[in-house]
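What's in input_7.txt: compact mmCIF, C-alpha atoms and all ligand atoms
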# COMPACT_ATOMS: atom_id res chain seq x y z
CA MET A 1 93.21 34.79 149.84
CA LYS A 2 90.55 37.47 149.82
CA ASP A 3 91.69 38.64 153.28
CA GLU A 4 95.28 38.82 152.13
CA PHE A 5 94.24 40.74 149.02
CA VAL A 6 92.27 43.23 151.12
CA SER A 7 95.20 43.77 153.48
CA VAL A 8 97.66 44.25 150.60
CA VAL A 9 95.27 46.60 148.83
CA SER A 10 94.67 48.66 151.94
CA HIS A 11 98.42 48.95 152.51
CA GLU A 12 98.97 50.00 148.88
CA LEU A 13 96.19 52.58 149.09
CA ARG A 14 97.22 53.92 152.49
CA THR A 15 100.82 54.62 151.48
CA PRO A 16 100.06 57.35 148.91
CA LEU A 17 97.14 58.59 151.02
CA THR A 18 99.46 59.10 154.00
CA SER A 19 101.86 61.13 151.83
CA ILE A 20 99.03 63.30 150.53
CA ARG A 21 97.70 63.84 154.03
CA SER A 22 101.02 64.90 155.53
CA ALA A 23 101.89 67.17 152.60
CA LEU A 24 98.51 68.89 152.73
CA GLY A 25 98.64 68.95 156.56
CA LEU A 26 101.86 70.97 156.49
CA LEU A 27 100.33 73.43 154.04
CA ALA A 28 97.00 73.67 155.89
CA ARG A 29 98.69 74.41 159.23
CA GLY A 30 100.60 77.24 157.60
CA SER A 31 103.93 75.75 158.70
CA LEU A 32 105.42 76.54 155.30
CA ASN A 33 103.87 79.97 154.80
CA ASN A 34 107.19 81.71 154.28
CA GLN A 35 108.81 78.90 152.33
CA PRO A 36 107.42 78.95 148.79
CA GLU A 37 109.84 76.34 147.45
CA LYS A 38 109.00 73.82 150.17
CA SER A 39 105.29 74.57 149.75
CA GLN A 40 105.57 73.94 146.03
CA ARG A 41 107.36 70.65 146.73
CA MET A 42 104.57 69.56 149.10
CA LEU A 43 101.97 70.32 146.42
CA GLU A 44 103.93 68.25 143.93
CA ILE A 45 104.11 65.34 146.39
CA ALA A 46 100.36 65.54 146.97
CA PHE A 47 99.69 65.76 143.23
CA ASP A 48 101.97 62.82 142.28
CA ASN A 49 100.50 60.63 145.00
CA THR A 50 96.97 61.55 143.96
CA ASN A 51 97.80 60.38 140.45
CA ARG A 52 99.23 57.18 141.87
CA LEU A 53 96.05 56.58 143.87
CA VAL A 54 93.91 57.11 140.77
CA ARG A 55 96.06 54.64 138.80
CA LEU A 56 95.91 52.09 141.63
CA ILE A 57 92.14 52.34 142.00
CA ASN A 58 91.57 52.09 138.24
CA ASP A 59 93.86 49.06 138.00
CA ILE A 60 92.32 47.30 141.02
CA LEU A 61 88.82 47.84 139.63
CA ASP A 62 89.96 46.63 136.22
CA ILE A 63 91.36 43.36 137.61
CA GLU A 64 88.33 42.81 139.82
CA ARG A 65 85.89 43.38 136.95
CA ILE A 66 87.79 41.18 134.50
CA ASN A 67 88.30 38.34 136.98
CA SER A 68 84.72 38.35 138.18
CA GLY A 69 83.49 38.27 134.59
CA LYS A 70 81.69 41.61 135.01
CA VAL A 71 83.57 42.99 132.05
CA THR A 72 82.89 41.03 128.92
CA MET A 73 85.53 41.05 126.26
CA HIS A 74 84.14 42.65 123.10
CA LYS A 75 85.51 40.02 120.78
CA GLN A 76 85.50 40.64 117.05
CA THR A 77 87.51 39.70 113.99
CA CYS A 78 90.70 41.72 114.02
CA ASN A 79 94.09 41.64 112.40
CA ALA A 80 97.17 40.92 114.53
CA ALA A 81 99.30 43.33 112.49
CA ASP A 82 96.86 46.23 113.06
CA LEU A 83 96.84 45.63 116.82
CA MET A 84 100.63 45.49 116.96
CA ILE A 85 101.07 48.65 114.88
CA GLN A 86 98.59 50.54 117.05
CA ALA A 87 100.29 49.40 120.26
CA VAL A 88 103.73 50.41 118.95
CA ASP A 89 102.37 53.81 117.85
CA GLU A 90 101.06 54.37 121.38
CA MET A 91 104.44 53.56 122.91
CA ARG A 92 106.64 55.45 120.44
CA ALA A 93 106.86 58.68 122.48
CA MET A 94 107.81 56.81 125.65
CA ALA A 95 110.43 54.79 123.76
CA GLU A 96 111.94 57.90 122.18
CA LYS A 97 112.16 59.63 125.54
CA ALA A 98 113.95 56.60 127.01
CA GLU A 99 116.13 56.30 123.88
CA ILE A 100 114.90 52.81 123.14
CA HIS A 101 114.66 51.49 119.60
CA LEU A 102 111.34 49.71 118.95
CA GLU A 103 111.43 46.98 116.34
CA LEU A 104 108.20 45.48 115.04
CA THR A 105 107.73 42.27 113.04
CA PRO A 106 103.97 42.06 112.45
CA ALA A 107 102.04 39.28 110.72
CA SER A 108 98.75 39.81 108.98
CA VAL A 109 96.68 37.09 110.67
CA GLN A 110 92.99 37.34 111.51
CA LEU A 111 91.94 36.55 115.05
CA TRP A 112 88.85 36.67 117.25
CA ALA A 113 89.66 39.01 120.12
CA ASP A 114 88.83 42.24 121.93
CA PRO A 115 91.14 44.66 120.07
CA ASP A 116 91.31 47.29 122.85
CA ARG A 117 92.21 44.69 125.48
CA ILE A 118 94.89 43.07 123.31
CA ILE A 119 96.39 46.50 122.58
CA GLN A 120 96.28 47.19 126.34
CA THR A 121 98.19 43.93 126.95
CA ILE A 122 100.84 44.67 124.31
CA THR A 123 101.32 48.30 125.42
CA ASN A 124 101.67 47.16 129.03
CA LEU A 125 104.39 44.66 128.09
CA LEU A 126 106.13 47.20 125.83
CA SER A 127 106.00 49.82 128.57
CA ASN A 128 107.66 47.42 131.03
CA ALA A 129 110.28 46.43 128.47
CA ILE A 130 111.09 50.12 127.89
CA LYS A 131 111.05 50.97 131.63
CA PHE A 132 113.52 48.26 132.55
CA SER A 133 115.94 48.65 129.61
CA PRO A 134 119.02 50.86 129.28
CA PRO A 135 119.09 53.75 126.78
CA GLY A 136 120.36 52.73 123.34
CA SER A 137 118.97 49.21 123.56
CA THR A 138 116.27 47.57 121.43
CA VAL A 139 112.82 46.20 122.26
CA TRP A 140 111.35 43.73 119.76
CA LEU A 141 107.68 42.94 119.22
CA SER A 142 106.89 39.99 116.97
CA VAL A 143 104.24 37.37 116.39
CA GLU A 144 104.16 33.95 114.78
CA LEU A 145 101.53 31.41 113.92
CA GLN A 146 101.88 28.08 115.71
CA GLN A 147 100.07 24.76 115.57
CA GLU A 148 99.27 22.68 118.62
CA GLY A 149 98.56 18.98 118.65
CA GLU A 150 99.79 18.00 115.20
CA VAL A 151 102.12 15.32 116.48
CA ARG A 152 99.46 13.97 118.81
CA LYS A 153 96.98 13.79 115.96
CA ALA A 154 99.38 11.83 113.73
CA ASP A 155 100.01 9.44 116.60
CA CYS A 156 96.34 8.90 117.25
CA VAL A 157 95.36 8.49 113.61
CA GLU A 158 97.95 5.72 113.36
CA LYS A 159 96.50 4.02 116.43
CA ASN A 160 93.03 4.64 115.04
CA LYS A 161 91.94 6.69 118.02
CA PHE A 162 89.67 9.71 118.10
CA THR A 163 91.41 12.98 118.73
CA THR A 164 90.74 16.71 118.60
CA PRO A 165 91.96 18.54 115.50
CA PRO A 166 95.08 20.65 115.88
CA THR A 167 94.43 24.18 117.07
CA SER A 168 96.27 27.16 115.69
CA TYR A 169 97.37 29.97 117.93
CA LEU A 170 99.34 33.16 117.71
CA LEU A 171 102.47 33.49 119.80
CA PHE A 172 103.34 37.11 120.61
CA GLN A 173 106.83 37.97 121.88
CA ILE A 174 108.07 41.14 123.55
CA LYS A 175 111.82 40.92 123.99
CA ASP A 176 114.17 43.38 125.67
CA GLN A 177 117.86 43.76 126.53
CA GLY A 178 117.10 45.10 129.99
CA ARG A 179 118.10 44.16 133.51
CA GLY A 180 116.30 40.81 133.48
CA ILE A 181 114.19 39.08 136.13
CA PRO A 182 115.46 36.58 138.75
CA GLU A 183 114.24 33.06 138.09
CA ASP A 184 112.30 32.82 141.35
CA LYS A 185 110.28 35.91 140.39
CA LEU A 186 109.32 34.88 136.85
CA GLU A 187 105.95 33.55 137.99
CA THR A 188 105.16 35.78 141.00
CA ILE A 189 105.44 39.02 138.99
CA PHE A 190 102.09 38.09 137.45
CA ASP A 191 100.46 38.34 140.89
CA CYS A 192 99.00 41.61 142.16
CA PHE A 193 101.51 44.09 143.62
CA GLN A 194 104.52 41.84 143.01
CA GLN A 195 107.57 43.79 141.92
CA VAL A 196 111.17 42.63 141.75
CA ASP A 197 112.45 45.85 143.27
CA ALA A 198 109.49 47.72 144.71
CA SER A 199 111.24 51.03 145.39
CA ASN A 200 112.71 51.21 141.90
CA SER A 201 109.46 50.10 140.21
CA ARG A 202 107.41 52.63 142.19
CA HIS A 203 109.83 55.33 141.30
CA GLN A 204 109.06 54.47 137.67
CA GLY A 205 105.36 54.99 138.36
CA GLY A 206 104.52 51.29 138.50
CA THR A 207 101.67 49.86 140.55
CA GLY A 208 102.60 46.19 140.32
CA LEU A 209 99.23 45.43 138.72
CA GLY A 210 100.07 45.63 135.02
CA LEU A 211 101.06 41.99 134.54
CA ALA A 212 98.13 40.76 136.64
CA ILE A 213 95.82 42.68 134.28
CA CYS A 214 97.62 41.25 131.23
CA ARG A 215 97.19 37.73 132.59
CA SER A 216 93.46 38.26 133.24
CA ILE A 217 92.94 39.57 129.71
CA VAL A 218 94.92 36.79 128.04
CA GLN A 219 93.13 34.12 130.10
CA GLN A 220 89.76 35.59 129.14
CA HIS A 221 90.83 34.95 125.54
CA GLY A 222 91.80 31.34 126.27
CA GLY A 223 95.52 32.08 126.00
CA LYS A 224 98.59 31.86 128.24
CA ILE A 225 101.20 34.41 129.28
CA TRP A 226 104.65 33.82 130.76
CA ALA A 227 108.16 35.23 130.90
CA GLU A 228 111.69 33.97 130.33
CA SER A 229 114.77 35.90 131.31
CA ILE A 230 118.51 35.93 131.77
CA LEU A 231 119.58 38.27 134.57
CA GLY A 232 121.48 41.25 133.26
CA LYS A 233 120.86 40.25 129.65
CA GLY A 234 117.15 40.76 129.09
CA SER A 235 113.67 39.31 129.26
CA THR A 236 111.12 37.94 126.83
CA PHE A 237 107.42 38.00 127.58
CA TYR A 238 105.24 35.58 125.59
CA PHE A 239 101.50 35.33 125.25
CA THR A 240 99.33 33.14 123.09
CA LEU A 241 95.89 33.70 121.58
CA PRO A 242 94.03 30.78 120.04
CA ILE A 243 92.69 31.49 116.58
CA GLY A 244 90.91 28.34 115.52
P1 LIG B 1 104.69 47.61 137.41
O1 LIG B 1 103.57 48.57 137.44
O2 LIG B 1 105.53 47.61 138.65
O3 LIG B 1 105.48 47.65 136.14
P2 LIG B 1 103.87 44.99 136.50
O4 LIG B 1 102.86 44.03 137.05
O5 LIG B 1 103.70 45.43 135.08
O6 LIG B 1 103.92 46.21 137.48
O7 LIG B 1 105.32 44.33 136.64
C1 LIG B 1 105.67 43.75 137.88
C2 LIG B 1 107.17 43.73 138.05
O8 LIG B 1 107.78 42.81 137.14
C3 LIG B 1 107.85 45.07 137.77
O9 LIG B 1 107.77 45.94 138.87
C4 LIG B 1 109.29 44.59 137.51
O10 LIG B 1 109.94 44.34 138.75
C5 LIG B 1 109.08 43.24 136.80
N1 LIG B 1 109.14 43.38 135.33
C6 LIG B 1 108.10 43.40 134.46
N2 LIG B 1 108.51 43.49 133.20
C7 LIG B 1 109.87 43.52 133.23
C8 LIG B 1 110.89 43.59 132.23
N3 LIG B 1 110.61 43.65 130.92
N4 LIG B 1 112.20 43.58 132.65
C9 LIG B 1 112.50 43.50 133.98
N5 LIG B 1 111.57 43.43 134.96
C10 LIG B 1 110.27 43.43 134.60
Now, as a test, write the supplied structure out as structure tokens.
Amino acid sequence: MKDEFVSVVSHELRTPLTSIRSALGLLARGSLNNQPEKSQRMLEIAFDNTNRLVRLINDILDIERINSGKVTMHKQTCNAADLMIQAVDEMRAMAEKAEIHLELTPASVQLWADPDRIIQTITNLLSNAIKFSPPGSTVWLSVELQQEGEVRKADCVEKNKFTTPPTSYLLFQIKDQGRGIPEDKLETIFDCFQQVDASNSRHQGGTGLGLAICRSIVQQHGGKIWAESILGKGSTFYFTLPIG
């Protein structure tokens, strides 16, 4: 798996590097000396691909550090509503530009989590929802408190067996009315560099690492993350965070 990762990473890094090299090569050789518009275009290509490389390297390092446990989550008591409001504030400009209506249903529940990393997860999911939705549509962010194990506990008490107490967790939902995700991709999109339509996603500035980072963060908090979708109708991303 490590070999495969290295080969995928080197491919992903080489692609923008090759573009930068050929654009700068043309300029360095003076082939475009009398063509200011083409020269400008080559500089833009080199600049955009440099930004892509920076994003890729930052994301790869982020995943590697989280997965290897080198980055510890700075967990503290925080309020779910505050995290949601902050994430939505960060995404408002992008949503306005894409003409997407953002609707927030927060809940004031305390949880033990790394606030920056949870905001990073929510903004990532909101950014995807906005990217893959048509103008004029709505993206919803909501949260609800859920209990796990209550039924099991009742069962076991009746049978006089020992059982663990029910755990409470928060269920976050990010729902969109976008293009949707094919069923066979609902799980693979959480792997590194997996995109449903790579050319389209890259055009949107995506690296294919966002969901892998979200999954690492959520798992480091003892939660789960998954997606449900109806093609052409929209997608809902869910993640849970245990609170007790
Ligand atoms: P990217 O940087 O490409 O957005 P992600 O890991 O965040 O990388 O997402 C991987 C892929 O999952 C995207 O390229 C896209 O194909 C698909 N995807 C993610 N979120 C959505 C969504 N809300 N609607 C449709 N497709 C999505």
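Every protein or nucleic acid residue with an atom no more than 12 Å from Lys224 in chain A, counting all atoms listed in the file and leaving out same-chain residues fewer than 2 positions away, appears here: Tyr169, Leu170, Leu171, Phe172, Phe190, Cys214, Arg215, Ser216, Ile217, Val218, Gln219, Gln220, His221, Gly222, Trp226, Ala227, Phe237, Tyr238, Phe239, Thr240, Leu241 and Pro242 of chain A.
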Note to self: Under the rule that all atoms listed in the file are counted, which of A:Met42, A:Ala107, A:Ile100, A:Val8 is the nearest residue to Gly136 in chain A?
What the structure shows: A:Ile100
Next item on the list: Could the residues that lie within 8 Å of ligand LIG 1 (chain B), counting all atoms listed in the file, be listed as a VMD selection string?
Entry: chain A and resid 124 to 133 175 to 176 178 to 181 189 to 198 200 to 202 204 to 213 234 to 237
Note to self: Counting all atoms listed in the file, which residue out of A:Pro106, A:Arg55, A:Ala113, A:Ala93 sits closest to Leu145 in chain A?
What the structure shows: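 The shortest atom-to-atom distance to Leu145 in chain A comes from A:Pro106.
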Next item on the list: Would you mind reading off the distance between CA of Ala81 in chain A and CA of Leu102 in chain A, one decimal, in Å?
Entry: 15.1 Å
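Taking all atoms listed in the file, the non-local environment of Leu61 in chain A within 12 Å (same-chain residues fewer than 3 positions away omitted) comprises Val9, Val54, Arg55, Leu56, Ile57, Asn58, Glu64, Arg65, Ile66, Asn67, Ser68, Lys70, Val71, Leu209 and Ile213 of chain A.
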Notebook entry, point to check: CA of Val6 in chain A and CA of Arg21 in chain A, how far apart in Å?
Noted result: 21.5 Å
Notebook entry, point to check: Expressed in Å to a single decimal, how great is the separation between CA of Leu104 in chain A and CA of Leu186 in chain A?
Noted result: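 Taking CA of Leu104 in chain A and CA of Leu186 in chain A, their separation equals 24.3 Å.
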Notebook entry, point to check: What lies within 9 Å of Pro16 in chain A using all atoms listed in the file, ignoring chain neighbours under 4 positions off, as a count of residues only?
Noted result: 9
